Amino acid sequence: MCASGPSRRAVLGGAAAAAAFTVVPSFQGRAEAAVSATPAYRWRTAVIGGTGFVTGVLFHPSVRGLAYARTDIGGAYRWDDRTARWTPLTDHLGWDDWNLLGVEAMAVDPAHPDRVYLALGTYAQSWAGNGAVLRSEDRGATWSRTDLTVKLGANEDGRGTGERLLVDPRDSDTLWLGTRHDGLLKSTDRGATWKAAGFPATATGQGVTLLVAAGRTLYAGWGDSDGTAANLYRTADGTTWKAVPGQPSGTSAKVPIRAAYDKTTRELYLTYANAPGPNGQSDGSVHKLRTTDGKWTEVTPVKPGGTTSDGSADTFGYGGVAVDACRPGTAVVSTNNRWAAIDTLYRTTDGGRTWTSLKDAAVFDVSETPFLKWGADQPKFGWWIQAVGIDPYDSKHIVYGTGATLYGTRDLKNWAPQIRGLEETAVRQLTSPPVGEAHLISGLGDIGVMYHERLTASPSRGMASNPVFGSATGLAQAAARPAYVVRAGWGDNGNGAHSNDGGQTWAPFKAQPAIAKDAPGPIATNADGSVVLWSFVHWDGTKYPAHRSADNGATWTEIPSFPKGATPVADPADPTRFYAYDTDTGTLLASTDSGLSFTARATGLPSGDSQFELVAAPGRSGDLWLSTKTNGLYRSTDGGVTFAKADSCRASHTLGFGKAADGADYPAIYLVGATEAITAVYRSDDEAKTWVRINDDQHQWGWIGEVITGDPRVYGRVYLATNGRGIQYGEPA
């Protein structure tokens with residue numbers, strides 16, 4: 001045994017003010033009486049596998065097979081070797097706590113194996129809420145919470161540094177938390193309360209980047225140095241912090257990224273870069289400090305700044321670092337932001353005198369998560385590698401996080417995603433086909449579009465190709481011709497594509513409007529798939545005229561009467577009809593000539609928020625539902641000429657439809673909204689007269705206002721988009 005101890009295994013937009021509208025009778029019931037008791041639902045995550053930035057991984061030093069991982073927007077997880085999977089620990093965080101799904105830092109207590117701590121807060125901007133600390137006595141099964149008076153930034157620059165949270169090795173009741181703008185905080189009651197601790201530096205954006213214990217001495221990295229001032233401090237008494245003498249300086253050692261302590265050799269390894277990362281790094285170094293006498297030694301494996309075989313500049317920083325508890329003098333470090341020569345892990349067994357690149361002999365098996373081939377024949381070693389861990393009970397078990405997964409090896413050669421249970425996708429579009437092999441097609445942030453043959457395995461085709469997208473911006477299926485599907489997004493071979501086999505294979509449009517190159521936006525196809533409408537919105541919010549194609553994308557014409565930037569909605573029963581909602585003016589527009597022209601119908605509806613959503617009920621012509629956030633839910637049954645407000649619903653953020661209940665003649669309606677005070681997931685089987693809440697307090701997933709849809713073939717099944725916890729789907733238990 002190598003380690004001691006027991007061996008037990010964005011976002012939310014403000015609601016716009018409601019205005020008067022054309023016809024506003026209300027329909028059905030009061031909210032107070034419109035909600036039934038919560039039925040038993042079973043919630044699971046549709047398997048893709050990772051897909052987001054794993055910013056930290058932490059093996060417990062005292063418990064075999066126990067580890068924790070953190071992500072920038074998707075919460076924290078616990079690993080169990082017995083089940084070989086990750087368990088999500090923060091799904092209980094609800095709508096109002098969306099900013100806490102990003103995990104800035106985590107810590108364990110070596111002396112108390114069941115204790116774990118999380119520092120939460122996704123953004124440190126003025127519009128985001130303050131951070132919080134969660135503390136658990138049962139490995140994250142239950143939590144106690146302390147709200148902080150400062151902001152944290154788990155999805156900002158420097159999110160891969162750390163850890164910024166530390167249990168004091170001299171006293172398990174004492175915790176330290178490094179912040180970006182408010183210096184160093186200290187708790188003496190196991191995280192229940194926090195106070196500022198004196199620290200001899202002033203934060204300007206990164207603040208404390210790391211905290212690490214070397215014996216009984218604590219070290220703190222400082223991310224706001226100019227490269228000449230001190231950026232590493234220490235305290236031996238828990239009161240006075242002083243700069244560490246002889247520390248490295250210069251551009252290559254400007255920002256301390258990570259640190260790891262070899263207890264046997266009593267040496268502290270540190271990685272540095274010229275920027276906090278994960279982007280923007282072009283220089284870096286690795287150093288070690290012998291804590292017994294203060295001697296510094298540079299042990300950089302390869303200095304940045306060379307050239308690759310094709311003449312490209314080999315610039316990068318250093319990121320993760322871990323030491324081997326079983327083998328003194330053995331450590332692993334990662335490069336970061338190395339795009340020319342590709343990032344790697346370097347391993348030393350002689351205290352940094354020599355290093356071996358683990359990439360050179362690496363063999364990858366990504367069959368469990370095929371999207372990691374990225375449309376090519378071979379997977380990449382990864383990028384944004386700032387999280388590295390070595391199992392304290394198994395020297396050959398190394399893991400490292402990337403911008404898309406967590407890779408692991410048990411023999412230093414063969415690597416595979418160690419990612420089961422960890423799902424971090426930011427989901428943008430969902431459609432559930434009425435026929436075919438797949439019950440779900442998804443449009444995703446960063447990883448394009450996927451065809452889900454099974455919900456319990458990562459899609460075998462990986463990312464939809466021809467073209468391969470980064471982020472998807474639109475996805476639509478012809479209601480009466482479900483074999484025809486169109487998609488839009490940021491592609492490698494055009495920004496729009498069509499499928500004639502229900503989304504299994506794709507071809508790019510033969511042409512695309514010029515603006516599609518810079519502003520691909522929502523897309524729609526009419527009921528029979530004969531017409532495609534494509535709207536355009538730049539990432540900075542600039543809106544452009546929509547275009548129409550009646551020849552499968554071979555030619556396009558502008559639609560002057562379509563509201564710029566609006567989302568086109570096809571009538572599911574009449575191929576001549578399209579709809580659009582102008583959120584700037586609160587006007588519903590309709591087309592009865594297959595999208596050639598649009599005219600205004602209802603006016604005076606809620607306006608001012610581009611995230612208001614218009615959807616059409618399946619199988620019916622002119623049956624429209626409008627979600628206007630806290631302004632409520634509206635319905636039109638005459639193609640948008642008039643709308644009535646639903647009194648059964650206080651807020652509606654997104655709405656979708658699924659198979660009707662037995663005996664019902666209208667599709668089940670699924671809603672993310674509020675009937676009273678709680679924003680949650682609801683189902684109605686009676687056209688929104690009454691609702692039942694179908695999620696529970698342990699399954700909330702932060703912000704879930706992007707899209708929801710039911711399954712047209714399975715009553716009760718619903719698919720829910722999250723912003724960092726993948727695709728959640730629920731079914732009656």
# chains A, B, ... in the order shown; residues from 1 in each chain; ligands from 1
$ residues_around --residues "stretch 266-275 of chain A" --least-positions-apart "4" --cutoff "9 Å" --atoms "only C-alpha atoms" --output "tab-separated table (two decimals) with C-alpha atoms, in the first residue's frame"
chain	number	residue	atom	x	y	z
A	157	ASP	CA	-9.94	32.43	-17.29
A	158	GLY	CA	-7.88	30.49	-14.79
A	214	ALA	CA	3.74	20.75	2.10
A	215	GLY	CA	3.91	19.08	5.45
A	223	GLY	CA	-2.07	34.96	-10.38
A	227	GLY	CA	6.28	38.41	-13.78
A	250	GLY	CA	10.00	36.10	-15.80
A	251	THR	CA	7.42	35.45	-18.48
A	252	SER	CA	7.68	31.67	-18.30
A	253	ALA	CA	6.89	31.72	-14.57
A	254	LYS	CA	4.39	34.57	-14.45
A	255	VAL	CA	1.36	32.60	-13.23
A	256	PRO	CA	1.58	29.53	-10.96
A	257	ILE	CA	-0.97	27.06	-12.33
A	258	ARG	CA	-0.79	23.88	-10.22
A	259	ALA	CA	1.31	22.37	-7.42
A	260	ALA	CA	1.91	18.90	-5.98
A	261	TYR	CA	3.96	17.80	-2.99
A	262	ASP	CA	6.12	14.68	-2.83
A	279	ASN	CA	-6.41	29.88	-23.62
A	280	GLY	CA	-3.79	32.52	-24.23
A	281	GLN	CA	-0.73	30.68	-22.93
A	282	SER	CA	2.43	30.77	-25.04
A	283	ASP	CA	5.19	30.25	-22.49
A	284	GLY	CA	5.67	28.24	-19.31
A	285	SER	CA	7.96	26.20	-17.12
A	286	VAL	CA	8.14	23.59	-14.36
A	287	HIS	CA	10.07	24.07	-11.13
A	288	LYS	CA	10.50	22.22	-7.88
A	289	LEU	CA	11.25	23.53	-4.42
A	290	ARG	CA	13.10	21.42	-1.89
A	291	THR	CA	11.26	22.47	1.22
A	292	THR	CA	13.96	21.29	3.62
A	299	VAL	CA	12.81	20.84	-14.26
A	300	THR	CA	10.98	21.97	-17.40
A	316	PHE	CA	2.43	26.58	-24.92
A	317	GLY	CA	2.28	26.74	-21.15
A	318	TYR	CA	2.34	24.08	-18.48
A	319	GLY	CA	-0.82	22.97	-16.70
A	320	GLY	CA	-1.47	19.97	-14.50
A	321	VAL	CA	0.97	18.29	-12.14
A	322	ALA	CA	0.69	15.22	-9.92
A	323	VAL	CA	3.16	13.19	-7.88
A	329	GLY	CA	10.65	11.28	-7.44
A	331	ALA	CA	5.69	13.01	-11.25
A	333	VAL	CA	3.00	17.30	-15.79
A	334	SER	CA	0.89	18.43	-18.74
A	336	ASN	CA	-1.49	23.34	-22.19
A	351	GLY	CA	12.81	13.96	-9.85
$ residues_around --residues "stretch 324-326 of chain A" --least-positions-apart "6" --cutoff "10 Å" --atoms "only C-alpha atoms" --output "PyMOL selection string"
chain A and resi 1-4+61+260-264+332+349+389-398
$ residues_around --residues "A:Leu210" --least-positions-apart "2" --cutoff "9 Å" --atoms "only C-alpha atoms" --output "PyMOL selection string"
chain A and resi 161-165+178+208+212+219-223+256-259
$ atom_distance --atom1 "atom CA of A:Ile385" --atom2 "atom CA of A:Arg78"
19.8 Å
$ residues_around --residues "A:Lys543" --least-positions-apart "4" --cutoff "7 Å" --atoms "only C-alpha atoms" --output "ChimeraX atom specification"
/A:536-538,564-565
$ write_last_selection --atoms "N, CA, C and O atoms" --output "CSV table (one decimal), in the first residue's frame"
chain,number,residue,atom,x,y,z
A,536,PHE,N,-30.7,34.3,-39.3
A,536,PHE,CA,-29.2,34.6,-39.1
A,536,PHE,C,-29.0,35.6,-37.9
A,536,PHE,O,-29.6,36.7,-37.9
A,537,VAL,N,-28.3,35.1,-36.9
A,537,VAL,CA,-27.9,36.0,-35.8
A,537,VAL,C,-26.5,35.8,-35.5
A,537,VAL,O,-26.0,34.6,-35.3
A,538,HIS,N,-25.7,36.9,-35.5
A,538,HIS,CA,-24.3,36.8,-35.1
A,538,HIS,C,-24.1,36.5,-33.6
A,538,HIS,O,-25.0,36.8,-32.8
A,564,LYS,N,-36.0,40.1,-38.5
A,564,LYS,CA,-34.6,39.7,-38.4
A,564,LYS,C,-34.3,39.0,-37.1
A,564,LYS,O,-34.7,39.5,-36.1
A,565,GLY,N,-33.6,37.9,-37.3
A,565,GLY,CA,-33.1,37.2,-36.1
A,565,GLY,C,-34.2,36.3,-35.4
A,565,GLY,O,-33.8,35.6,-34.5
$ select_by_dssp --residues "stretch 479-646 of chain A" --states "helix (DSSP H, G or I)" --output "PyMOL selection string"
chain A and resi 514-517
$ closest_residue --among "A:Glu687, A:Asp173, A:Glu156, A:Glu424" --to "A:Thr722" --atoms "only C-alpha atoms"
A:Glu424
$ closest_residue --among "A:Asp314, A:Asp237, A:Asp97, A:Asp365" --to "A:Asp147" --atoms "only C-alpha atoms"
A:Asp97
$ select_by_dssp --residues "stretch 563-663 of chain A" --states "strand (DSSP E or B)" --output "PyMOL selection string"
chain A and resi 569-570+578-582+587-591+599-600+613-616+624-627+629+633-636+644-646+651-658
$ closest_residue --among "A:Leu455, A:Asp662, A:Ala426, A:Gln125" --to "A:Gly74" --atoms "only C-alpha atoms"
A:Ala426
